[in-house]
$ cat coords.txt   # compact mmCIF, C-alpha atoms
# COMPACT_ATOMS: atom_id res chain seq x y z
CA MET A 1429 0.00 0.00 0.00
CA ALA A 1430 1.49 3.28 -1.17
CA SER A 1431 2.02 6.33 0.98
CA PRO A 1432 -0.56 9.10 0.48
CA VAL A 1433 2.26 11.41 -0.58
CA GLU A 1434 3.42 8.92 -3.22
CA GLN A 1435 1.06 10.65 -5.66
CA PHE A 1436 3.31 13.69 -5.73
CA LYS A 1437 6.23 11.74 -7.07
CA LEU A 1438 7.30 12.90 -10.52
CA LYS A 1439 7.49 10.42 -13.35
CA PRO A 1440 9.50 11.42 -16.41
CA LEU A 1441 7.45 11.00 -19.57
CA VAL A 1442 10.10 12.21 -22.01
CA PRO A 1443 13.60 11.94 -20.56
CA LEU A 1444 15.66 14.99 -21.44
CA GLU A 1445 19.08 16.07 -20.30
CA ILE A 1446 20.76 19.29 -21.33
CA GLY A 1447 24.30 20.05 -20.19
CA GLY A 1448 24.17 17.43 -17.49
CA VAL A 1449 20.94 18.87 -16.03
CA ASP A 1450 17.88 16.65 -15.94
CA LEU A 1451 15.09 18.53 -17.75
CA SER A 1452 12.80 15.55 -18.31
CA PHE A 1453 9.25 16.26 -19.35
CA THR A 1454 7.34 14.86 -16.39
CA GLN A 1455 3.62 14.40 -15.79
CA SER A 1456 3.73 17.67 -13.83
CA SER A 1457 5.12 19.41 -16.92
CA LEU A 1458 2.43 17.76 -19.00
CA TRP A 1459 -0.31 19.11 -16.75
CA MET A 1460 1.23 22.56 -16.78
CA VAL A 1461 1.14 22.49 -20.57
CA ILE A 1462 -2.44 21.22 -20.43
CA ALA A 1463 -3.29 24.07 -18.04
CA VAL A 1464 -1.85 26.57 -20.50
CA ALA A 1465 -3.80 24.99 -23.35
CA VAL A 1466 -7.07 24.83 -21.37
CA ALA A 1467 -6.78 28.42 -20.16
CA THR A 1468 -5.99 29.66 -23.65
CA VAL A 1469 -8.71 27.65 -25.36
CA PHE A 1470 -11.24 28.65 -22.71
CA LEU A 1471 -10.51 32.35 -23.07
CA THR A 1472 -10.13 32.51 -26.83
CA ALA A 1473 -12.80 30.06 -27.92
CA ALA A 1474 -15.32 31.58 -25.51
CA MET A 1475 -14.67 35.01 -27.00
CA ARG A 1476 -14.83 33.80 -30.59
CA GLY A 1477 -18.37 35.06 -31.06
CA ARG A 1478 -17.42 38.51 -29.71
CA SER A 1479 -21.12 38.89 -28.99
CA LEU A 1480 -22.53 42.08 -27.65
CA VAL A 1481 -24.75 40.01 -25.39
CA PRO A 1482 -22.47 37.26 -24.07
CA GLY A 1483 -23.42 33.62 -23.87
CA ARG A 1484 -22.50 31.30 -21.01
CA TRP A 1485 -18.88 30.72 -21.98
CA GLN A 1486 -18.23 34.26 -23.00
CA SER A 1487 -19.70 35.47 -19.71
CA MET A 1488 -17.29 33.23 -17.83
CA ALA A 1489 -14.31 34.48 -19.82
CA GLU A 1490 -15.36 38.10 -19.32
CA LEU A 1491 -16.00 37.41 -15.66
CA SER A 1492 -12.47 36.10 -15.10
CA TYR A 1493 -11.06 39.09 -16.93
CA GLU A 1494 -13.09 41.62 -14.97
CA PHE A 1495 -12.46 39.77 -11.71
CA VAL A 1496 -8.70 40.20 -12.03
CA ALA A 1497 -9.02 43.68 -13.54
CA ASN A 1498 -11.15 44.84 -10.61
CA MET A 1499 -8.78 43.25 -8.12
CA LEU A 1500 -5.86 45.10 -9.67
CA ARG A 1501 -7.76 48.39 -9.93
CA GLU A 1502 -9.02 48.29 -6.36
CA ASN A 1503 -5.71 47.29 -4.81
CA VAL A 1504 -3.17 49.04 -6.98
CA GLY A 1505 -5.07 51.70 -8.89
CA SER A 1506 -4.62 52.79 -12.48
CA GLU A 1507 -0.83 52.44 -12.16
CA GLY A 1508 -1.31 48.70 -12.01
CA ARG A 1509 -2.79 48.43 -15.51
CA LYS A 1510 0.64 47.78 -17.00
CA TYR A 1511 1.00 44.61 -14.97
CA PHE A 1512 -2.44 43.28 -15.80
CA PRO A 1513 -1.27 40.71 -18.39
CA PHE A 1514 1.15 39.21 -15.89
CA VAL A 1515 -1.30 39.16 -12.96
CA PHE A 1516 -4.05 37.77 -15.19
CA SER A 1517 -1.76 35.04 -16.57
CA LEU A 1518 -0.73 34.19 -13.03
CA PHE A 1519 -4.31 33.92 -11.86
CA MET A 1520 -5.41 31.85 -14.84
CA PHE A 1521 -2.39 29.58 -14.58
CA ILE A 1522 -2.83 28.82 -10.88
CA LEU A 1523 -6.59 28.50 -11.13
CA THR A 1524 -6.46 26.17 -14.12
CA ALA A 1525 -3.66 24.07 -12.63
CA ASN A 1526 -5.53 23.79 -9.32
CA LEU A 1527 -8.80 22.85 -10.98
CA LEU A 1528 -7.22 20.38 -13.40
CA GLY A 1529 -5.68 18.69 -10.38
CA MET A 1530 -9.18 17.85 -9.21
CA ILE A 1531 -9.65 15.47 -12.14
CA PRO A 1532 -8.96 11.98 -10.79
CA GLY A 1533 -5.62 10.75 -12.11
CA ALA A 1534 -4.45 14.25 -13.06
CA TYR A 1535 -1.37 15.81 -11.54
CA THR A 1536 -1.60 19.05 -9.56
CA SER A 1537 1.47 21.02 -10.60
CA THR A 1538 0.81 23.59 -7.87
CA SER A 1539 1.30 20.91 -5.21
CA GLN A 1540 5.03 21.20 -5.91
CA ILE A 1541 6.75 23.68 -3.61
CA ILE A 1542 9.32 24.54 -6.24
CA VAL A 1543 6.62 25.53 -8.72
CA THR A 1544 4.78 27.79 -6.30
CA PHE A 1545 8.06 29.11 -4.94
CA ALA A 1546 9.33 29.97 -8.41
CA MET A 1547 6.16 31.96 -9.08
CA ALA A 1548 6.28 33.66 -5.69
CA PHE A 1549 9.96 34.44 -6.20
CA VAL A 1550 9.31 36.04 -9.57
CA VAL A 1551 6.59 38.15 -7.95
CA PHE A 1552 8.92 39.08 -5.10
CA ILE A 1553 11.83 40.03 -7.33
CA GLY A 1554 9.56 41.83 -9.78
CA VAL A 1555 7.86 43.83 -7.04
CA THR A 1556 11.19 44.78 -5.46
CA VAL A 1557 12.63 45.87 -8.81
CA ILE A 1558 9.51 47.92 -9.60
CA GLY A 1559 9.67 49.55 -6.15
CA LEU A 1560 13.35 50.41 -6.46
CA ALA A 1561 12.93 51.71 -9.99
CA ARG A 1562 10.02 53.94 -9.03
CA HIS A 1563 11.19 55.26 -5.68
CA GLY A 1564 14.93 54.64 -5.58
CA LEU A 1565 16.26 54.53 -2.05
CA HIS A 1566 13.02 55.99 -0.77
CA PHE A 1567 11.60 52.51 -1.35
CA PHE A 1568 13.22 51.43 1.92
CA SER A 1569 10.81 53.68 3.82
CA LEU A 1570 8.54 50.66 3.34
CA PHE A 1571 10.40 49.11 6.26
CA PHE A 1572 9.30 51.80 8.66
CA PRO A 1573 5.53 52.31 8.93
CA THR A 1574 4.59 55.97 8.63
CA GLY A 1575 3.31 57.53 11.81
CA ALA A 1576 5.07 55.10 14.13
CA PRO A 1577 7.15 56.73 16.88
CA VAL A 1578 10.87 56.93 16.06
CA TYR A 1579 11.96 55.08 19.19
CA MET A 1580 10.04 52.04 17.91
CA ALA A 1581 12.34 51.81 14.89
CA PRO A 1582 14.77 49.28 16.41
CA ILE A 1583 11.88 46.86 16.84
CA LEU A 1584 9.73 47.74 13.84
CA VAL A 1585 12.40 47.88 11.16
CA PRO A 1586 13.72 44.32 11.72
CA ILE A 1587 10.15 43.01 11.89
CA GLU A 1588 9.22 44.76 8.66
CA ILE A 1589 12.38 43.58 6.93
CA ILE A 1590 11.80 39.99 8.00
CA SER A 1591 8.16 40.11 6.98
CA TYR A 1592 9.18 41.53 3.63
CA PHE A 1593 11.67 38.79 2.92
CA VAL A 1594 9.35 36.08 4.18
CA ARG A 1595 6.79 37.08 1.53
CA PRO A 1596 7.92 34.67 -1.21
CA ILE A 1597 8.02 31.83 1.32
CA SER A 1598 4.61 32.50 2.85
CA LEU A 1599 3.12 33.10 -0.59
CA SER A 1600 4.45 29.85 -2.04
CA VAL A 1601 3.96 27.65 1.02
CA ARG A 1602 0.33 28.75 1.37
CA LEU A 1603 -0.57 27.53 -2.10
CA PHE A 1604 1.63 24.44 -2.04
CA ALA A 1605 0.50 23.31 1.43
CA ASN A 1606 -3.15 23.78 0.60
CA MET A 1607 -2.89 21.78 -2.58
CA MET A 1608 -0.78 19.04 -1.04
CA ALA A 1609 -2.94 18.73 2.08
CA GLY A 1610 -6.12 18.48 0.05
CA HIS A 1611 -4.80 15.79 -2.23
CA THR A 1612 -3.20 13.88 0.62
CA MET A 1613 -6.47 13.91 2.50
CA LEU A 1614 -8.38 12.69 -0.56
CA LYS A 1615 -5.84 9.91 -0.99
CA VAL A 1616 -6.12 8.85 2.66
CA PHE A 1617 -9.89 8.67 2.53
CA GLY A 1618 -9.63 6.98 -0.85
CA SER A 1619 -7.53 4.24 0.70
CA PHE A 1620 -10.21 3.86 3.38
CA VAL A 1621 -12.80 3.27 0.69
CA VAL A 1622 -10.67 0.45 -0.72
CA ALA A 1623 -9.83 -1.01 2.67
CA LEU A 1624 -13.35 -0.98 4.11
CA GLY A 1625 -15.04 -2.78 1.20
CA ILE A 1626 -18.81 -2.38 1.43
CA PHE A 1627 -18.49 0.02 4.38
CA GLY A 1628 -16.34 2.20 2.19
CA VAL A 1629 -19.53 4.05 1.28
CA ALA A 1630 -19.08 6.24 4.36
CA PRO A 1631 -15.63 7.61 3.45
CA MET A 1632 -16.86 7.76 -0.15
CA VAL A 1633 -19.53 10.27 0.89
CA LEU A 1634 -16.86 12.19 2.75
CA ILE A 1635 -14.68 12.23 -0.36
CA VAL A 1636 -17.52 13.72 -2.38
CA ALA A 1637 -17.85 16.49 0.18
CA LEU A 1638 -14.08 16.95 0.26
CA MET A 1639 -14.01 17.24 -3.52
CA GLY A 1640 -16.42 20.16 -3.23
CA LEU A 1641 -14.26 21.72 -0.56
CA GLU A 1642 -11.12 21.21 -2.64
CA ILE A 1643 -12.69 22.87 -5.67
CA LEU A 1644 -13.47 25.83 -3.43
CA VAL A 1645 -9.88 25.78 -2.14
CA ALA A 1646 -8.63 25.69 -5.73
CA PHE A 1647 -10.47 28.93 -6.46
CA LEU A 1648 -9.65 30.47 -3.12
CA GLN A 1649 -5.92 29.83 -3.30
CA ALA A 1650 -5.70 31.18 -6.85
CA TYR A 1651 -7.52 34.26 -5.59
CA VAL A 1652 -5.31 34.60 -2.49
CA PHE A 1653 -2.12 34.27 -4.51
CA THR A 1654 -3.32 36.89 -6.98
CA ILE A 1655 -4.61 39.35 -4.42
CA LEU A 1656 -1.40 39.14 -2.41
CA THR A 1657 0.53 39.80 -5.61
CA CYS A 1658 -1.68 42.86 -6.10
CA LEU A 1659 -1.04 44.03 -2.53
CA TYR A 1660 2.72 43.62 -2.90
CA LEU A 1661 2.54 45.49 -6.18
CA ASN A 1662 0.62 48.24 -4.42
CA ASP A 1663 3.33 48.46 -1.76
CA ALA A 1664 5.96 48.82 -4.45
CA ILE A 1665 4.04 51.37 -6.52
CA ASN A 1666 2.38 53.48 -3.86
CA LEU A 1667 4.55 52.59 -0.84
CA HIS A 1668 2.33 52.60 2.24
CA MET B 931 23.16 19.18 1.58
CA THR B 932 22.90 17.43 4.92
CA ARG B 933 20.89 20.33 6.27
CA ILE B 934 18.53 20.11 3.31
CA THR B 935 17.86 16.41 3.82
CA ALA B 936 17.32 17.12 7.50
CA TRP B 937 14.63 19.65 6.54
CA ALA B 938 13.10 17.14 4.23
CA LYS B 939 12.93 14.63 7.04
CA VAL B 940 11.38 17.16 9.40
CA LEU B 941 8.73 18.07 6.88
CA GLY B 942 8.15 14.47 5.94
CA VAL B 943 7.78 13.48 9.55
CA GLY B 944 5.47 16.43 10.11
CA VAL B 945 3.17 15.22 7.39
CA GLY B 946 3.62 11.69 8.60
CA ILE B 947 2.41 12.71 12.05
CA GLY B 948 -0.58 14.54 10.62
CA VAL B 949 -1.53 11.51 8.61
CA ALA B 950 -0.61 9.06 11.32
CA THR B 951 -3.02 10.61 13.81
CA ALA B 952 -5.79 10.23 11.26
CA THR B 953 -4.91 6.69 10.17
CA PRO B 954 -2.72 5.06 12.75
CA VAL B 955 -2.86 1.52 11.44
CA LEU B 956 -3.06 1.90 7.69
CA VAL B 957 -0.55 4.56 6.90
CA THR B 958 2.36 4.40 9.30
CA PRO B 959 3.96 1.27 7.85
CA ALA B 960 3.51 2.57 4.31
CA LEU B 961 5.22 5.81 5.19
CA ALA B 962 8.05 3.98 6.83
CA SER B 963 8.62 2.05 3.62
CA SER B 964 9.11 5.17 1.45
CA GLU B 965 12.77 6.15 1.31
CA VAL B 966 12.40 9.93 1.06
CA GLY B 967 9.91 11.99 3.06
CA LEU B 968 8.15 14.21 0.61
CA PRO B 969 8.61 13.84 -3.13
CA GLN B 970 8.27 17.64 -3.34
CA LEU B 971 11.55 18.02 -1.47
CA ASP B 972 13.52 15.94 -3.94
CA PHE B 973 15.90 18.61 -5.15
CA SER B 974 16.95 16.67 -8.22
CA THR B 975 13.53 17.38 -9.76
CA TYR B 976 13.78 21.16 -9.32
CA PRO B 977 15.60 22.09 -12.53
CA THR B 978 13.13 20.30 -14.75
CA GLN B 979 10.16 21.69 -12.86
CA VAL B 980 11.41 25.27 -12.99
CA PHE B 981 12.35 24.84 -16.63
CA TRP B 982 8.95 23.58 -17.70
CA LEU B 983 7.19 26.10 -15.50
CA VAL B 984 9.12 28.92 -17.17
CA VAL B 985 8.40 27.52 -20.61
CA SER B 986 4.69 26.97 -20.07
CA PHE B 987 4.17 30.21 -18.17
CA ALA B 988 6.01 32.18 -20.82
CA ILE B 989 3.79 30.65 -23.48
CA LEU B 990 0.70 31.38 -21.42
CA TYR B 991 1.84 34.97 -20.85
CA LEU B 992 2.37 35.47 -24.56
CA LEU B 993 -0.97 33.92 -25.45
CA MET B 994 -2.77 35.96 -22.81
CA SER B 995 -1.15 39.30 -23.60
CA GLN B 996 -1.26 38.88 -27.38
CA VAL B 997 -4.48 37.00 -27.98
CA ALA B 998 -6.86 36.53 -25.08
CA ILE B 999 -6.63 39.88 -23.30
CA PRO B 1000 -6.91 42.05 -26.44
CA ARG B 1001 -9.84 39.98 -27.57
CA ILE B 1002 -11.73 40.27 -24.29
CA SER B 1003 -10.94 43.93 -23.78
CA GLU B 1004 -11.99 44.65 -27.34
CA VAL B 1005 -15.38 43.08 -26.70
CA LEU B 1006 -15.77 44.82 -23.36
CA GLU B 1007 -14.78 48.18 -24.77
CA GLY B 1008 -17.04 47.65 -27.76
CA ARG B 1009 -19.91 46.95 -25.43
CA GLN B 1010 -19.08 49.97 -23.28
CA GLU B 1011 -18.97 52.11 -26.39
CA ARG B 1012 -22.20 50.68 -27.67
CA ILE B 1013 -23.93 51.34 -24.37
CA ALA B 1014 -22.57 54.89 -24.27
CA ASN B 1015 -23.74 55.43 -27.86
CA ASP B 1016 -27.16 54.04 -27.11
CA LEU B 1017 -27.49 56.24 -24.06
CA ASP B 1018 -26.39 59.21 -26.13
CA LYS B 1019 -28.91 58.42 -28.82
CA ALA B 1020 -31.64 57.92 -26.27
CA SER B 1021 -30.97 61.27 -24.66
CA LYS B 1022 -30.89 62.93 -28.08
CA LEU B 1023 -34.21 61.35 -28.98
CA ARG B 1024 -35.63 62.45 -25.68
CA ASP B 1025 -34.52 66.00 -26.32
CA GLU B 1026 -36.09 65.86 -29.74
CA SER B 1027 -39.36 64.54 -28.45
CA GLU B 1028 -39.30 67.19 -25.76
CA GLN B 1029 -38.86 69.83 -28.45
CA VAL B 1030 -41.67 68.38 -30.52
CA ARG B 1031 -43.89 68.36 -27.50
CA ALA B 1032 -43.06 71.99 -26.76
CA GLU B 1033 -43.88 72.91 -30.34
CA TYR B 1034 -47.12 71.00 -30.21
CA GLU B 1035 -48.04 72.72 -27.00
CA LYS B 1036 -47.25 76.08 -28.52
CA ALA B 1037 -49.40 75.28 -31.56
CA LEU B 1038 -52.15 74.10 -29.27
CA THR B 1039 -52.03 77.32 -27.27
CA ALA B 1040 -52.07 79.37 -30.47
CA ALA B 1041 -55.01 77.42 -31.86
CA ARG B 1042 -56.85 77.80 -28.59
CA GLY B 1043 -56.21 81.56 -28.62
CA GLU B 1044 -57.41 81.82 -32.17
CA ALA B 1045 -60.55 79.85 -31.45
CA HIS B 1046 -61.18 82.12 -28.50
CA GLU B 1047 -60.71 85.17 -30.65
CA GLN B 1048 -63.04 83.85 -33.32
CA LEU B 1049 -65.63 83.04 -30.74
CA ARG B 1050 -65.35 86.53 -29.31
CA GLN B 1051 -65.65 88.09 -32.75
CA ALA B 1052 -68.67 86.00 -33.59
CA ALA B 1053 -70.30 86.98 -30.32
CA GLU B 1054 -69.54 90.65 -30.97
CA LYS B 1055 -70.93 90.46 -34.47
CA MET B 1056 -74.04 88.80 -33.24
CA ALA B 1057 -74.44 91.46 -30.57
CA THR B 1058 -74.12 94.32 -33.07
CA GLU B 1059 -76.51 92.66 -35.46
CA THR B 1060 -79.01 92.18 -32.73
CA ALA B 1061 -78.63 95.80 -31.70
CA ASP B 1062 -79.15 96.91 -35.31
CA GLU B 1063 -82.21 94.81 -35.68
CA GLU B 1064 -83.55 96.11 -32.44
CA ALA B 1065 -82.87 99.69 -33.48
CA LYS B 1066 -84.55 99.11 -36.84
CA ALA B 1067 -87.54 97.49 -35.26
CA GLY B 1068 -87.71 100.33 -32.72
CA ALA B 1069 -87.65 102.90 -35.51
CA THR B 1070 -90.47 101.17 -37.40
CA VAL B 1071 -92.53 100.97 -34.31
CA ALA B 1072 -91.89 104.64 -33.55
CA THR B 1073 -93.01 105.79 -37.03
CA LYS B 1074 -96.10 103.67 -36.74
CA VAL B 1075 -96.87 105.16 -33.34
CA ASN B 1076 -96.30 108.66 -34.69
CA GLU B 1077 -98.58 108.02 -37.60
CA ALA B 1078 -101.24 106.66 -35.31
CA GLU B 1079 -100.87 109.63 -32.99
CA ALA B 1080 -101.15 112.02 -35.94
CA ARG B 1081 -104.23 110.23 -37.09
CA ILE B 1082 -105.73 110.40 -33.62
CA GLU B 1083 -104.89 114.12 -33.40
CA GLN B 1084 -106.52 114.73 -36.74
CA ALA B 1085 -109.56 112.79 -35.75
CA ARG B 1086 -109.75 114.76 -32.51
CA SER B 1087 -109.41 118.13 -34.15
CA GLU B 1088 -112.01 117.13 -36.74
CA ALA B 1089 -114.24 116.01 -33.96
CA LEU B 1090 -113.64 119.25 -32.12
CA THR B 1091 -114.47 121.28 -35.23
CA ASN B 1092 -117.68 119.34 -35.65
CA VAL B 1093 -118.51 119.89 -31.98
CA ARG B 1094 -117.99 123.65 -32.42
CA SER B 1095 -120.28 123.93 -35.44
CA VAL B 1096 -122.86 121.69 -33.81
CA ALA B 1097 -122.63 123.74 -30.60
CA GLY B 1098 -123.00 126.96 -32.64
CA GLU B 1099 -126.07 125.67 -34.43
CA VAL B 1100 -127.57 124.38 -31.21
CA ALA B 1101 -126.81 127.66 -29.48
CA GLY B 1102 -128.34 129.64 -32.42
CA ASP B 1103 -131.46 127.52 -32.35
CA ALA B 1104 -131.69 127.78 -28.58
CA VAL B 1105 -131.35 131.60 -28.68
CA ARG B 1106 -133.94 131.85 -31.45
CA LYS B 1107 -136.40 129.77 -29.56
CA LEU B 1108 -135.81 131.45 -26.27
CA ILE B 1109 -135.58 135.03 -27.22
CA GLY B 1110 -136.58 134.98 -30.85
CA VAL B 1111 -133.48 136.78 -31.92
CA ASP B 1112 -131.44 135.67 -34.84
CA VAL B 1113 -127.87 135.77 -33.94
CA SER B 1114 -125.37 135.97 -36.77
CA GLU B 1115 -123.22 133.01 -37.37
CA GLY B 1116 -120.09 134.96 -36.69
CA ASP B 1117 -121.22 136.05 -33.23
CA LEU B 1118 -122.32 132.56 -32.45
CA ASP B 1119 -119.04 131.17 -33.44
CA LYS B 1120 -117.22 133.76 -31.37
CA ALA B 1121 -119.41 133.05 -28.35
CA VAL B 1122 -118.91 129.30 -28.66
CA GLY B 1123 -115.20 129.83 -29.03
CA GLN B 1124 -115.16 131.98 -25.91
CA ALA B 1125 -117.19 129.42 -23.97
CA MET B 1126 -114.91 126.57 -25.06
CA GLU B 1127 -111.82 128.55 -24.26
CA GLY B 1128 -113.22 129.55 -20.88
CA GLN B 1129 -114.10 126.01 -20.17
CA ALA B 1130 -110.83 124.77 -21.34
$ encode --input "coords.txt" --output "structure tokens"
Amino acid sequence: MASPVEQFKLKPLVPLEIGGVDLSFTQSSLWMVIAVAVATVFLTAAMRGRSLVPGRWQSMAELSYEFVANMLRENVGSEGRKYFPFVFSLFMFILTANLLGMIPGAYTSTSQIIVTFAMAFVVFIGVTVIGLARHGLHFFSLFFPTGAPVYMAPILVPIEIISYFVRPISLSVRLFANMMAGHTMLKVFGSFVVALGIFGVAPMVLIVALMGLEILVAFLQAYVFTILTCLYLNDAINLH
Amino acid sequence: MTRITAWAKVLGVGVGIGVATATPVLVTPALASSEVGLPQLDFSTYPTQVFWLVVSFAILYLLMSQVAIPRISEVLEGRQERIANDLDKASKLRDESEQVRAEYEKALTAARGEAHEQLRQAAEKMATETADEEAKAGATVATKVNEAEARIEQARSEALTNVRSVAGEVAGDAVRKLIGVDVSEGDLDKAVGQAMEGQA
């Protein structure tokens, strides 16, 4: 009987090695590519009609667009418009990857810490570069909250610095841990269904409920990742 | 490297504990059998994962920024424009209808005034006509009355003349019978005239 975390093991589908580095195309890579394809097909095919009065699919595509656009506008303001393609791609990528992972037998690419960390790291570096480019050294005033008494600086500044540098970790671990925990839990209850035979109906019912919960989590975590990206972007663009 | 594997063990054990409390019998042996804790902490898989993430995300970014986003924003902007146009047109039409209504009202007021004027004129005309008729009728009646009065006057004077001659004759006869004197007609007439004047 396999461990419930066995499912996260990567299997190379197309072995590939470049310059001594293993770049095999794994099932995780496959599902990332599928996520890209699904997101693109969903958004372009739904908009093919370009109807004035949208149908079901077009409404959904427009809804995702306006959802992210509103998030960016409310949290960053008009300055954030430039970064909309990136934030929108990020949201669609995470959401699609999370939701595709809910298909039995599919691989959830976002349950890999390195994947979520790479995305969070890009956000972190990007936000820091944008902040430095816009405000120069004044950007470091971010580490001292305005209005706080000066004598608090020795305590506040280290805390702010630590919390700033912890951002990519908290951002990536939140998504990764949620995805991994959900799938591990489903696997555990799934093994109960197999082990209990006829009485497996009880954990089966639980799994159905958990699936619903996990679909909610898939949306929620994509939203959380995106909104935190927006907030970090706001910090960099407008300081506090 | 040793520190990294130590982390991996800690995390693996952490998950193991979480799972173990839920499924003490079923899972613990299975977990013990797996060599590494979490497959996610297998560092040898990181290059390929980051590589394929970068590739797929770059493709997605290109597709989104070049195809999907322009397409959606085009539709949304088109709709916005269309709505704005429609609202514009509606307000223009409303203004127009308002204008037409004002004109209609003006025409109505004018027509009403004219009708009023005509009515007044008609009434005036009728009044003058009636007055004319009345005056004409009055004049006719007056001439008739005058004629009648003249006739009556004539008849009276004739009657009076007759009375005078009759009175003269009677008086002459009476004098002749009483005193046997013939009085001349002229005296008689004078006497009667005096008596009538005295009486009158």
$ interface_residues --input "coords.txt" --of "chain A" --to "chain B" --cutoff "6 Å" --atoms "only C-alpha atoms" --output "list in words"
Ala1430, Ser1431, Phe1436, Lys1437, Leu1451, Ser1452, Ser1457, Val1461, Val1464, Leu1471, Thr1472, Arg1478, Leu1480, Pro1513, Ser1517 and Gln1540 of chain A
$ axis_aligned_box --input "coords.txt" --around "region 984-1000 of chain B" --padding-each-side "8 Å" --output "JSON"
{"center_x": 1.1, "center_y": 34.5, "center_z": -22.6, "size_x": 32.0, "size_y": 31.1, "size_z": 26.8}
$ atom_distance --input "coords.txt" --atom1 "CA of Val1551 (chain A)" --atom2 "CA of Pro1596 (chain A)"
7.7 Å
$ residues_around --input "coords.txt" --residues "Arg1094 (chain B)" --least-positions-apart "5" --cutoff "10 Å" --atoms "only C-alpha atoms" --output "list in words"
Glu1088, Ala1089, Glu1099, Val1100, Leu1118, Asp1119, Val1122, Gly1123 and Met1126 of chain B
$ atom_distance --input "coords.txt" --atom1 "CA of Val1645 (chain A)" --atom2 "CA of Tyr1535 (chain A)"
16.1 Å
$ closest_residue --input "coords.txt" --among "A:Phe1514, A:Ile1597, A:Val1557, A:Arg1484" --to "Ala1497 (chain A)" --atoms "all atoms listed in the file"
A:Phe1514
$ decode --input "coords.txt" --residues "region 990-1001 of chain B" --atoms "C-alpha atoms" --output "short mmCIF file (atom, residue, chain, number, x, y, z; two decimals), in the first residue's frame"
data_model
loop_
_atom_site.label_atom_id
_atom_site.label_comp_id
_atom_site.auth_asym_id
_atom_site.auth_seq_id
_atom_site.Cartn_x
_atom_site.Cartn_y
_atom_site.Cartn_z
CA LEU B 990 0.70 31.38 -21.42
CA TYR B 991 1.84 34.97 -20.85
CA LEU B 992 2.37 35.47 -24.56
CA LEU B 993 -0.97 33.92 -25.45
CA MET B 994 -2.77 35.96 -22.81
CA SER B 995 -1.15 39.30 -23.60
CA GLN B 996 -1.26 38.88 -27.38
CA VAL B 997 -4.48 37.00 -27.98
CA ALA B 998 -6.86 36.53 -25.08
CA ILE B 999 -6.63 39.88 -23.30
CA PRO B 1000 -6.91 42.05 -26.44
CA ARG B 1001 -9.84 39.98 -27.57
#
